[in-house]
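Next up, my_file02.cif (mmCIF, C-alpha atoms):
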data_target
#
loop_
_atom_site.label_atom_id
_atom_site.label_comp_id
_atom_site.auth_asym_id
_atom_site.auth_seq_id
_atom_site.Cartn_x
_atom_site.Cartn_y
_atom_site.Cartn_z
CA GLU M 1 -11.34 4.20 1.78
CA ALA M 2 -14.34 6.54 1.70
CA ILE M 3 -12.25 9.35 3.22
CA ILE M 4 -9.49 8.77 0.65
CA GLU M 5 -12.04 8.75 -2.18
CA ASP M 6 -13.64 11.99 -0.95
CA SER M 7 -10.23 13.65 -0.54
CA LEU M 8 -9.13 12.63 -4.03
CA ALA M 9 -12.41 13.86 -5.49
CA SER M 10 -11.85 17.24 -3.83
CA LEU M 11 -8.25 17.47 -5.03
CA THR M 12 -8.91 16.36 -8.59
CA GLY M 13 -11.86 18.75 -8.77
CA SER M 14 -9.33 21.58 -8.47
CA ILE M 15 -6.99 20.24 -11.17
CA ASP M 16 -7.36 21.96 -14.53
CA THR M 17 -7.88 19.46 -17.36
CA SER M 18 -9.64 21.93 -19.65
CA GLY M 19 -6.72 21.83 -22.05
CA PHE M 20 -7.89 18.46 -23.29
CA ALA M 21 -11.07 20.12 -24.59
CA ALA M 22 -9.01 21.61 -27.41
CA VAL M 23 -8.02 18.17 -28.64
CA GLU M 24 -9.78 17.17 -31.83
CA ALA M 25 -11.49 13.97 -30.80
CA GLU M 26 -14.95 12.48 -30.66
CA GLU M 27 -14.73 11.88 -26.91
CA VAL M 28 -12.17 12.77 -24.20
CA TYR M 29 -11.81 11.08 -20.80
CA PRO M 30 -9.29 12.93 -18.56
CA LEU M 31 -7.24 10.92 -16.08
CA VAL M 32 -5.28 12.26 -13.08
CA ILE M 33 -2.38 10.25 -11.61
CA VAL M 34 -1.44 11.27 -8.05
CA ASN M 35 2.02 10.66 -6.58
CA THR M 36 1.64 10.52 -2.78
CA SER M 37 5.34 9.86 -2.12
CA GLY M 38 8.02 12.42 -1.31
CA TRP M 39 10.12 11.73 -4.40
CA LYS M 40 9.70 11.70 -8.17
CA ARG M 41 8.24 8.45 -9.43
CA SER M 42 8.24 6.60 -12.71
CA GLY M 43 6.68 3.29 -13.57
CA VAL M 44 3.83 1.38 -15.13
CA ILE M 45 0.31 2.14 -13.88
CA THR M 46 -3.05 0.51 -14.46
CA ALA M 47 -6.35 2.37 -14.24
CA ASP M 48 -10.00 1.64 -15.01
CA ILE M 49 -11.94 4.28 -16.94
CA GLU M 50 -15.71 4.35 -17.40
CA LEU M 51 -16.78 5.29 -20.93
CA GLN M 52 -20.45 5.60 -20.01
CA ARG M 53 -22.66 5.06 -16.98
CA ILE M 54 -26.45 4.51 -16.98
CA TYR M 55 -28.30 4.74 -13.64
CA PHE M 56 -31.28 2.53 -12.90
CA SER M 57 -33.14 5.70 -11.96
CA GLU M 58 -33.07 6.85 -15.60
CA GLY M 59 -35.97 4.49 -16.26
CA MET M 60 -34.42 2.26 -18.93
CA GLY M 61 -35.06 -1.45 -18.71
CA PHE M 62 -32.19 -3.81 -17.96
CA ARG M 63 -32.12 -5.09 -21.51
CA ASP M 64 -32.07 -1.60 -23.05
CA MET M 65 -29.34 -0.45 -20.64
CA LYS M 66 -27.12 -3.38 -21.51
CA GLN M 67 -27.72 -3.08 -25.25
CA ALA M 68 -26.89 0.65 -25.18
CA LEU M 69 -23.63 0.05 -23.34
CA LYS M 70 -22.61 -2.95 -25.44
CA ALA M 71 -23.14 -0.83 -28.58
CA ILE M 72 -20.29 1.51 -27.59
CA ASP M 73 -17.58 1.34 -30.24
CA MET M 74 -14.21 0.21 -28.88
CA PRO M 75 -11.89 0.89 -31.87
CA GLY M 76 -10.26 4.28 -32.03
CA LEU M 77 -9.28 4.57 -28.34
CA ARG M 78 -5.82 5.95 -27.59
CA MET M 79 -3.92 7.71 -24.78
CA ILE M 80 -2.21 11.12 -24.77
CA ASP M 81 -0.28 13.12 -22.15
CA SER M 82 -0.92 16.71 -21.07
CA LEU M 83 1.09 18.04 -24.04
CA GLY M 84 -0.90 16.00 -26.53
CA GLY M 85 1.85 13.45 -27.11
CA GLU M 86 0.84 9.92 -28.01
CA ILE M 87 1.38 7.33 -25.25
CA SER M 88 2.17 3.70 -25.99
CA GLY M 89 0.17 1.34 -23.81
CA ASP M 90 -2.52 -1.31 -23.60
CA ILE M 91 -6.28 -0.71 -23.58
CA THR M 92 -8.47 -3.66 -22.52
CA ASP M 93 -12.26 -3.81 -22.79
CA LEU M 94 -13.69 -4.76 -19.37
CA GLY M 95 -17.25 -5.03 -20.67
CA LEU M 96 -20.26 -4.24 -18.50
CA ARG M 97 -19.93 -3.61 -14.79
CA PHE M 98 -22.54 -3.18 -12.08
CA GLY M 99 -21.95 -0.61 -9.35
CA TYR M 100 -23.63 1.92 -7.13
CA GLU M 101 -23.00 5.29 -5.54
CA LEU M 102 -23.75 6.06 -1.88
CA PRO M 103 -24.89 9.72 -1.77
CA GLU M 104 -25.13 11.38 1.64
CA ASP M 105 -28.69 12.59 1.03
CA ARG M 106 -30.27 9.67 -0.85
CA PHE M 107 -30.43 5.90 -0.95
CA ARG M 108 -27.79 4.10 -2.99
CA GLN M 109 -27.86 4.74 -6.73
CA PRO M 110 -27.21 1.53 -8.74
CA TYR M 111 -25.95 1.67 -12.31
CA PHE M 112 -24.39 -0.25 -15.18
CA ALA M 113 -21.20 1.06 -16.80
CA ARG M 114 -19.03 0.20 -19.77
CA SER M 115 -15.38 0.30 -18.75
CA VAL M 116 -11.91 -0.13 -20.16
CA GLN M 117 -8.59 -0.72 -18.43
CA VAL M 118 -5.55 1.29 -19.51
CA ARG M 119 -1.95 0.41 -18.73
CA PHE M 120 0.95 2.64 -19.68
CA GLU M 121 4.29 3.94 -18.46
CA LEU M 122 4.64 7.34 -16.86
CA GLU M 123 7.86 9.14 -16.02
CA ASN M 124 8.94 11.66 -13.39
CA VAL M 125 5.63 12.46 -11.73
CA PRO M 126 6.54 15.20 -9.20
CA ALA M 127 6.85 14.42 -5.49
CA LEU M 128 3.53 14.96 -3.71
CA GLY M 129 2.19 15.99 -7.10
CA HIS M 130 0.20 14.78 -10.06
CA ALA M 131 0.19 14.30 -13.82
CA THR M 132 -2.73 14.48 -16.24
CA TYR M 133 -3.49 12.21 -19.16
CA ALA M 134 -6.51 11.52 -21.33
CA LEU M 135 -8.14 8.62 -23.09
CA LEU M 136 -9.42 9.72 -26.50
CA ARG M 137 -11.76 8.24 -29.03
CA ASP M 138 -11.23 9.19 -32.65
CA HIS M 139 -10.73 7.35 -35.89
CA ARG M 140 -8.08 9.61 -37.36
CA PRO M 141 -4.81 7.92 -38.37
CA VAL M 142 -2.04 8.63 -35.86
CA GLU M 143 1.66 8.78 -36.38
CA THR M 144 3.41 5.57 -35.45
CA GLN M 145 5.70 5.99 -32.46
CA GLU M 146 9.31 4.99 -32.72
CA ALA M 147 9.53 1.46 -31.39
CA LEU M 148 11.28 1.22 -28.03
CA GLY M 149 12.13 -2.44 -28.48
CA SER M 150 11.73 -5.41 -26.19
CA MET M 151 13.17 -5.71 -22.68
CA ILE M 152 13.48 -9.47 -23.11
CA THR M 153 17.02 -10.19 -24.26
CA GLY M 154 17.00 -13.99 -24.33
CA GLY M 155 14.98 -17.11 -23.60
CA THR M 156 15.07 -16.48 -19.84
CA THR M 157 16.63 -13.02 -19.55
CA MET M 158 15.35 -9.44 -19.42
CA GLU M 159 16.90 -6.08 -18.65
CA ASN M 160 16.43 -2.33 -18.54
CA ASN M 161 18.95 0.47 -18.12
CA ASN M 162 19.39 -0.35 -14.42
CA LEU M 163 19.12 -4.11 -13.98
CA ALA M 164 19.75 -7.36 -15.84
CA VAL M 165 17.74 -10.40 -14.71
CA THR M 166 18.47 -14.02 -15.56
CA ILE M 167 16.10 -16.83 -14.60
CA GLU M 168 18.21 -19.92 -14.01
CA ALA M 169 17.16 -23.48 -14.89
CA ASP M 170 15.95 -24.09 -11.31
CA GLY M 171 13.84 -20.91 -11.34
CA SER M 172 16.16 -18.89 -9.11
CA LEU M 173 17.11 -15.35 -10.13
CA THR M 174 20.48 -13.81 -10.87
CA ILE M 175 20.26 -10.03 -10.78
CA THR M 176 23.03 -7.70 -11.93
CA ASP M 177 23.00 -3.99 -11.10
CA LYS M 178 24.31 -2.50 -14.34
CA ARG M 179 25.11 0.81 -12.60
CA THR M 180 27.54 -0.73 -10.10
CA GLY M 181 28.38 -4.15 -11.54
CA VAL M 182 27.14 -5.95 -8.39
CA ARG M 183 25.87 -9.43 -9.30
CA LEU M 184 23.63 -11.42 -6.96
CA PRO M 185 22.90 -15.08 -7.87
CA GLY M 186 20.74 -17.49 -5.88
CA LEU M 187 17.77 -15.19 -5.29
CA CYS M 188 14.17 -16.38 -4.91
CA VAL M 189 14.68 -20.02 -3.91
CA TYR M 190 11.70 -21.67 -2.19
CA GLU M 191 12.15 -23.67 1.02
CA ASN M 192 9.64 -26.00 2.66
CA THR M 193 10.02 -27.43 6.17
CA GLY M 194 7.80 -29.08 8.74
CA ASP M 195 6.15 -26.93 11.42
CA ILE M 196 5.11 -28.44 14.76
CA GLY M 197 5.07 -25.13 16.61
CA ASN M 198 2.11 -23.15 17.89
CA GLU M 199 0.28 -20.10 16.55
CA TYR M 200 3.10 -17.83 17.81
CA MET M 201 6.36 -19.71 17.46
CA TYR M 202 7.76 -21.83 14.65
CA ARG M 203 9.24 -25.22 15.53
CA GLN M 204 10.96 -27.46 12.99
CA PRO M 205 10.67 -31.21 13.65
CA ASN M 206 13.80 -33.01 14.78
CA HIS M 207 15.91 -34.37 11.90
CA ASP M 208 13.70 -32.61 9.33
CA GLN M 209 15.61 -31.76 6.16
CA PRO M 210 14.39 -28.70 4.23
CA ILE M 211 12.94 -29.30 0.77
CA THR M 212 14.03 -26.56 -1.64
CA THR M 213 13.75 -25.70 -5.32
CA ARG M 214 17.54 -25.24 -5.55
CA GLY M 215 18.88 -27.40 -8.36
CA THR M 216 15.44 -28.69 -9.40
CA HIS M 217 13.62 -28.28 -12.72
CA ALA M 218 11.40 -25.26 -13.31
CA ASP M 219 9.05 -24.55 -16.21
CA ILE M 220 9.75 -21.02 -17.48
CA ARG M 221 7.82 -19.08 -20.11
CA VAL M 222 7.43 -15.49 -21.28
CA LEU M 223 4.27 -13.96 -19.86
CA GLU M 224 4.42 -10.37 -21.15
CA ASP M 225 6.66 -8.62 -23.64
CA THR M 226 6.00 -4.90 -24.18
CA PRO M 227 8.43 -1.98 -24.64
CA TYR M 228 7.80 -0.85 -21.06
CA HIS M 229 7.12 -4.09 -19.17
CA ALA M 230 8.41 -7.66 -19.30
CA ALA M 231 7.32 -10.66 -17.26
CA PHE M 232 8.13 -14.36 -16.97
CA GLU M 233 6.13 -17.12 -15.34
CA ILE M 234 7.98 -19.81 -13.38
CA ARG M 235 6.30 -23.02 -12.23
CA HIS M 236 7.77 -25.31 -9.57
CA LEU M 237 6.30 -28.66 -8.56
CA MET M 238 7.47 -29.76 -5.11
CA MET M 239 6.53 -33.04 -3.45
CA ILE M 240 6.04 -32.37 0.25
CA PRO M 241 4.67 -34.38 3.22
CA ARG M 242 0.90 -34.25 3.54
CA SER M 243 1.15 -33.30 7.24
CA ALA M 244 3.01 -34.05 10.44
CA ASP M 245 2.87 -37.64 11.68
CA SER M 246 0.14 -38.82 14.04
CA LEU M 247 2.23 -38.06 17.14
CA LEU M 248 1.65 -34.31 16.74
CA GLU M 249 -2.09 -34.56 17.38
CA GLN M 250 -1.42 -36.54 20.55
CA GLU M 251 1.13 -33.96 21.73
CA ARG M 252 -1.37 -31.17 21.12
CA ARG M 253 -4.09 -32.98 23.09
CA GLU M 254 -1.68 -33.58 25.95
CA LEU M 255 -0.53 -29.92 25.90
CA VAL M 256 3.09 -30.77 25.26
CA TRP M 257 4.93 -27.45 25.00
CA PHE M 258 6.15 -26.97 21.42
CA THR M 259 9.86 -27.04 22.37
CA GLY M 260 9.40 -30.57 23.75
CA ARG M 261 7.47 -32.06 20.84
CA ARG M 262 8.99 -35.09 19.11
CA SER M 263 6.69 -35.58 16.13
CA GLY M 264 8.07 -35.73 12.60
CA ARG M 265 6.57 -35.40 9.11
CA SER M 266 4.27 -37.90 7.42
CA PRO M 267 5.87 -40.24 4.82
CA ALA M 268 2.89 -39.59 2.52
CA LEU M 269 3.78 -36.97 -0.11
CA ILE M 270 1.48 -34.69 -2.10
CA PRO M 271 2.21 -32.28 -4.97
CA PHE M 272 2.65 -28.61 -4.11
CA GLU M 273 2.81 -26.28 -7.11
CA ILE M 274 4.14 -22.72 -6.88
CA THR M 275 3.57 -20.22 -9.67
CA THR M 276 5.90 -17.22 -9.68
CA ARG M 277 5.53 -14.12 -11.80
CA VAL M 278 8.78 -12.15 -12.17
CA SER M 279 8.43 -8.76 -13.85
CA LEU M 280 10.54 -5.73 -14.67
CA ASP M 281 9.44 -2.24 -15.72
CA ARG M 282 11.50 -0.16 -18.14
CA SER M 283 12.37 2.51 -15.55
CA ALA M 284 12.47 0.25 -12.48
CA CYS M 285 15.34 -0.08 -10.00
CA GLY M 286 13.89 -3.29 -8.55
CA VAL M 287 12.36 -6.58 -9.66
CA LYS M 288 8.78 -7.54 -8.78
CA VAL M 289 8.01 -11.09 -7.65
CA ASP M 290 4.48 -12.44 -7.17
CA SER M 291 4.11 -15.96 -5.72
CA SER M 292 0.89 -17.97 -5.69
CA PHE M 293 -0.06 -21.50 -4.66
CA ASN M 294 -2.99 -23.64 -3.53
CA ASN M 295 -2.02 -25.18 -0.21
CA GLN M 296 -3.49 -28.59 0.63
CA ALA M 297 -0.84 -29.67 3.17
CA HIS M 298 -0.78 -29.28 6.94
CA ASP M 299 1.93 -28.56 9.50
CA HIS M 300 4.53 -26.93 7.27
CA ARG M 301 6.17 -23.61 6.46
CA LEU M 302 7.01 -22.11 3.08
CA ARG M 303 9.71 -19.46 2.75
CA VAL M 304 11.54 -17.75 -0.09
CA LEU M 305 15.31 -17.36 0.27
CA PHE M 306 17.54 -14.58 -1.04
CA GLU M 307 21.28 -15.28 -0.78
CA THR M 308 23.25 -12.03 -0.72
CA GLY M 309 26.80 -13.21 0.02
CA PHE M 310 27.22 -10.12 2.23
CA ARG M 311 29.23 -10.36 5.41
CA ALA M 312 27.40 -8.17 7.89
CA GLU M 313 26.66 -8.25 11.60
CA ARG M 314 23.49 -6.14 11.55
CA HIS M 315 20.50 -5.48 9.33
CA MET M 316 17.55 -3.08 9.19
CA ALA M 317 13.82 -3.81 9.12
CA ASP M 318 10.76 -1.61 8.82
CA SER M 319 8.95 -1.54 12.16
CA ILE M 320 6.09 0.50 13.56
CA PHE M 321 7.10 4.20 13.35
CA GLU M 322 10.79 3.37 12.85
CA VAL M 323 13.42 1.48 10.92
CA ALA M 324 14.82 -0.93 13.47
CA GLU M 325 18.48 -2.01 13.38
CA ARG M 326 19.01 -5.56 14.67
CA ASN M 327 21.86 -8.01 15.13
CA ASN M 328 21.97 -10.85 12.62
CA ALA M 329 23.03 -13.36 15.27
CA PRO M 330 20.84 -13.89 18.35
CA SER M 331 22.18 -13.36 21.86
CA ALA M 332 23.79 -16.20 23.79
CA GLN M 333 20.64 -16.48 25.93
CA TRP M 334 18.46 -17.26 22.89
CA SER M 335 17.93 -21.04 22.86
CA ASN M 336 15.34 -21.38 20.07
CA PRO M 337 17.00 -22.56 16.82
CA SER M 338 14.59 -20.27 14.96
CA ASN M 339 15.39 -16.55 15.10
CA CYS M 340 12.48 -15.15 13.12
CA GLN M 341 11.74 -11.43 13.45
CA HIS M 342 8.85 -9.11 12.63
CA GLN M 343 8.80 -6.63 9.76
CA GLN M 344 6.19 -4.26 8.39
CA ALA M 345 7.21 -3.69 4.78
CA PHE M 346 10.90 -4.42 4.17
CA VAL M 347 14.18 -5.87 5.40
CA THR M 348 17.59 -4.60 4.24
CA LEU M 349 21.00 -6.25 4.44
CA LYS M 350 24.07 -4.19 3.56
CA GLY M 351 27.55 -5.35 2.64
CA ASP M 352 30.70 -3.25 2.37
CA SER M 353 29.54 -1.29 -0.68
CA GLU M 354 26.30 -2.93 -1.74
CA GLY M 355 22.92 -3.83 -0.29
CA LEU M 356 19.70 -5.70 -0.95
CA THR M 357 16.21 -4.72 0.18
CA ILE M 358 13.34 -7.22 0.07
CA ALA M 359 10.07 -5.30 0.25
CA ASN M 360 6.72 -7.02 0.70
CA LEU M 361 2.97 -6.65 0.95
CA GLY M 362 1.58 -8.38 4.03
CA LEU M 363 4.48 -10.73 4.81
CA ASN M 364 5.46 -9.90 8.37
CA GLU M 365 7.96 -12.65 9.25
CA TYR M 366 11.59 -12.84 8.15
CA GLU M 367 14.89 -14.29 9.34
CA ILE M 368 18.55 -13.60 8.59
CA LEU M 369 19.96 -17.13 8.41
CA GLN M 370 23.17 -18.10 10.20
CA ASP M 371 24.57 -19.76 7.08
CA GLU M 372 27.60 -17.59 6.19
CA LYS M 373 25.77 -16.63 2.96
CA GLY M 374 23.90 -13.59 4.24
CA THR M 375 20.56 -15.19 3.35
CA ILE M 376 17.33 -13.27 3.87
CA ALA M 377 14.40 -15.67 4.39
CA VAL M 378 10.85 -14.32 4.08
CA THR M 379 7.94 -16.47 5.28
CA LEU M 380 5.12 -16.90 2.77
CA LEU M 381 3.01 -19.42 4.71
CA ARG M 382 2.73 -21.19 8.04
CA ALA M 383 0.03 -23.85 7.78
#
Target encoding structure tokens, full file:
Amino acid sequence: EAIIEDSLASLTGSIDTSGFAAVEAEEVYPLVIVNTSGWKRSGVITADIELQRIYFSEGMGFRDMKQALKAIDMPGLRMIDSLGGEISGDITDLGLRFGYELPEDRFRQPYFARSVQVRFELENVPALGHATYALLRDHRPVETQEALGSMITGGTTMENNNLAVTIEADGSLTITDKRTGVRLPGLCVYENTGDIGNEYMYRQPNHDQPITTRGTHADIRVLEDTPYHAAFEIRHLMMIPRSADSLLEQERRELVWFTGRRSGRSPALIPFEITTRVSLDRSACGVKVDSSFNNQAHDHRLRVLFETGFRAERHMADSIFEVAERNNAPSAQWSNPSNCQHQQAFVTLKGDSEGLTIANLGLNEYEILQDEKGTIAVTLLRA
């Protein structure tokens, strides 16, 4: 992180932002957005900007430092691009923040700062390039931008120029690619099963029936509604066994190999709530899904299922230094009912003329189910 920070400081130090000095404003805070990918990128970004920083070494008392920073006037802040055009976005006051620098030739330098968070949409930042913006403070009236309108098109629907998303009554997603007409229902269904395996291999208890959110009730509400970003919140309440039954602990003590274990799941049920944030950016070609939960149960696995309906024999997954192509069905010698595989960042299943990629952050286990539905299952938790 320190190397990245130093490299960015060196690069941005060579980027000319002097054009913003000609802008008639009380204060100007330039901002550089770097695109490290090899293709043009558009999307919504969030950045923190310090309006003022006061170091402890300046000799002011804590109280005076805080009062000086709290006195900074928040109204009048707005964003512009490199051509001076007004940018629609959100500016949030983050209040006071403590931090410190680590110079190479001195001890750490602590400070207080007054910061804001900006969020706005940018378009077509060049590959391996950058774009410059600025946060301004002035109290001059500005021309009202033409309203772009809402991306939310109904009580549980949203869309942009590329995709239409419907959140069904059970919380699953139906996504339509407006460019091709491909429609994929049954996406983002949660599945909970028992897990009596070991730290390496999953093992489902005998006669264990999966508990899913398919066909259940979900609480759905609008979370964000801006011209460039829309988000819904989905809440599921599952009742799941508290743990495995008492036999599992005995089998562990007696070193029974996981394939020979006979324990089941406890009859005692506890609530398990999953909160899902589903969001769509105005220029996006994909839907973002963020799942969160507070796990209080033992000996279980939580996965999210994506039914594609594709008939395919092989799939692709991101591996170390390569994109691996693998068979959907295991070999005849594979006796484990579970055929989970490892991924780094994504798994892709392609049909005759369509495909679905599930990308992730930190979720390294997936499985292509043998269910004739072309289902991609991504593991969220093994407990």
Give me the range 258-295 of chain M side of the contact with range 300-311 of chain M, cut-off 12 Å, one line per residue showing its nearest atom pair and distance in Å at one decimal, counting only C-alpha atoms, sorted by chain and residue number, as JSON lines.
{"residue": "M:Gly264", "atom": "CA", "partner": "M:His300", "partner_atom": "CA", "distance": 10.9}
{"residue": "M:Arg265", "atom": "CA", "partner": "M:His300", "partner_atom": "CA", "distance": 8.9}
{"residue": "M:Ser266", "atom": "CA", "partner": "M:His300", "partner_atom": "CA", "distance": 11.0}
{"residue": "M:Phe272", "atom": "CA", "partner": "M:Leu302", "partner_atom": "CA", "distance": 10.6}
{"residue": "M:Glu273", "atom": "CA", "partner": "M:Leu302", "partner_atom": "CA", "distance": 11.8}
{"residue": "M:Ile274", "atom": "CA", "partner": "M:Leu302", "partner_atom": "CA", "distance": 10.4}
{"residue": "M:Thr276", "atom": "CA", "partner": "M:Val304", "partner_atom": "CA", "distance": 11.1}
{"residue": "M:Val289", "atom": "CA", "partner": "M:Val304", "partner_atom": "CA", "distance": 10.7}
{"residue": "M:Asp290", "atom": "CA", "partner": "M:Val304", "partner_atom": "CA", "distance": 11.3}
{"residue": "M:Ser291", "atom": "CA", "partner": "M:Val304", "partner_atom": "CA", "distance": 9.5}
{"residue": "M:Ser292", "atom": "CA", "partner": "M:Leu302", "partner_atom": "CA", "distance": 11.5}
{"residue": "M:Phe293", "atom": "CA", "partner": "M:Leu302", "partner_atom": "CA", "distance": 10.5}
{"residue": "M:Asn295", "atom": "CA", "partner": "M:Leu302", "partner_atom": "CA", "distance": 10.1}
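Distances to Ser150 in chain M were evaluated for M:Leu280, M:Met238, M:Ala218, M:Met74 using all atoms listed in the file, and the minimum falls at M:Leu280.
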| field | Closest of M:His315, M:His130, M:Arg119, M:Lys40 to Thr17 in chain M - atom-to-atom distances counting only C-alpha atoms | value | M:His130
| query | Of the candidates M:Ile175, M:Val116, M:Ala127, M:Leu248, which one gets nearest to Asp195 in chain M if we count only C-alpha atoms? | reply | M:Leu248
| said: What's around Gly374 in chain M at 12 Å? Count all atoms listed in the file, leave out sequence neighbours fewer than 2 positions away in its own chain, and write the answer as a ChimeraX atom specification. | reply: /M:184,186-187,305-315,328-329,348-351,355-356,367-372,376-377
| field | Residues matched by the PyMOL selection byres ((chain M and resi 24) around 10), written as a list of chain:residue names | value | M:Phe20, M:Ala21, M:Ala22, M:Val23, M:Ala25, M:Glu26, M:Glu27, M:Val28, M:Leu136, M:Arg137, M:Asp138, M:Arg140
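We find CA of Gly129 in chain M and CA of Glu86 in chain M to be spaced 21.8 Å apart.
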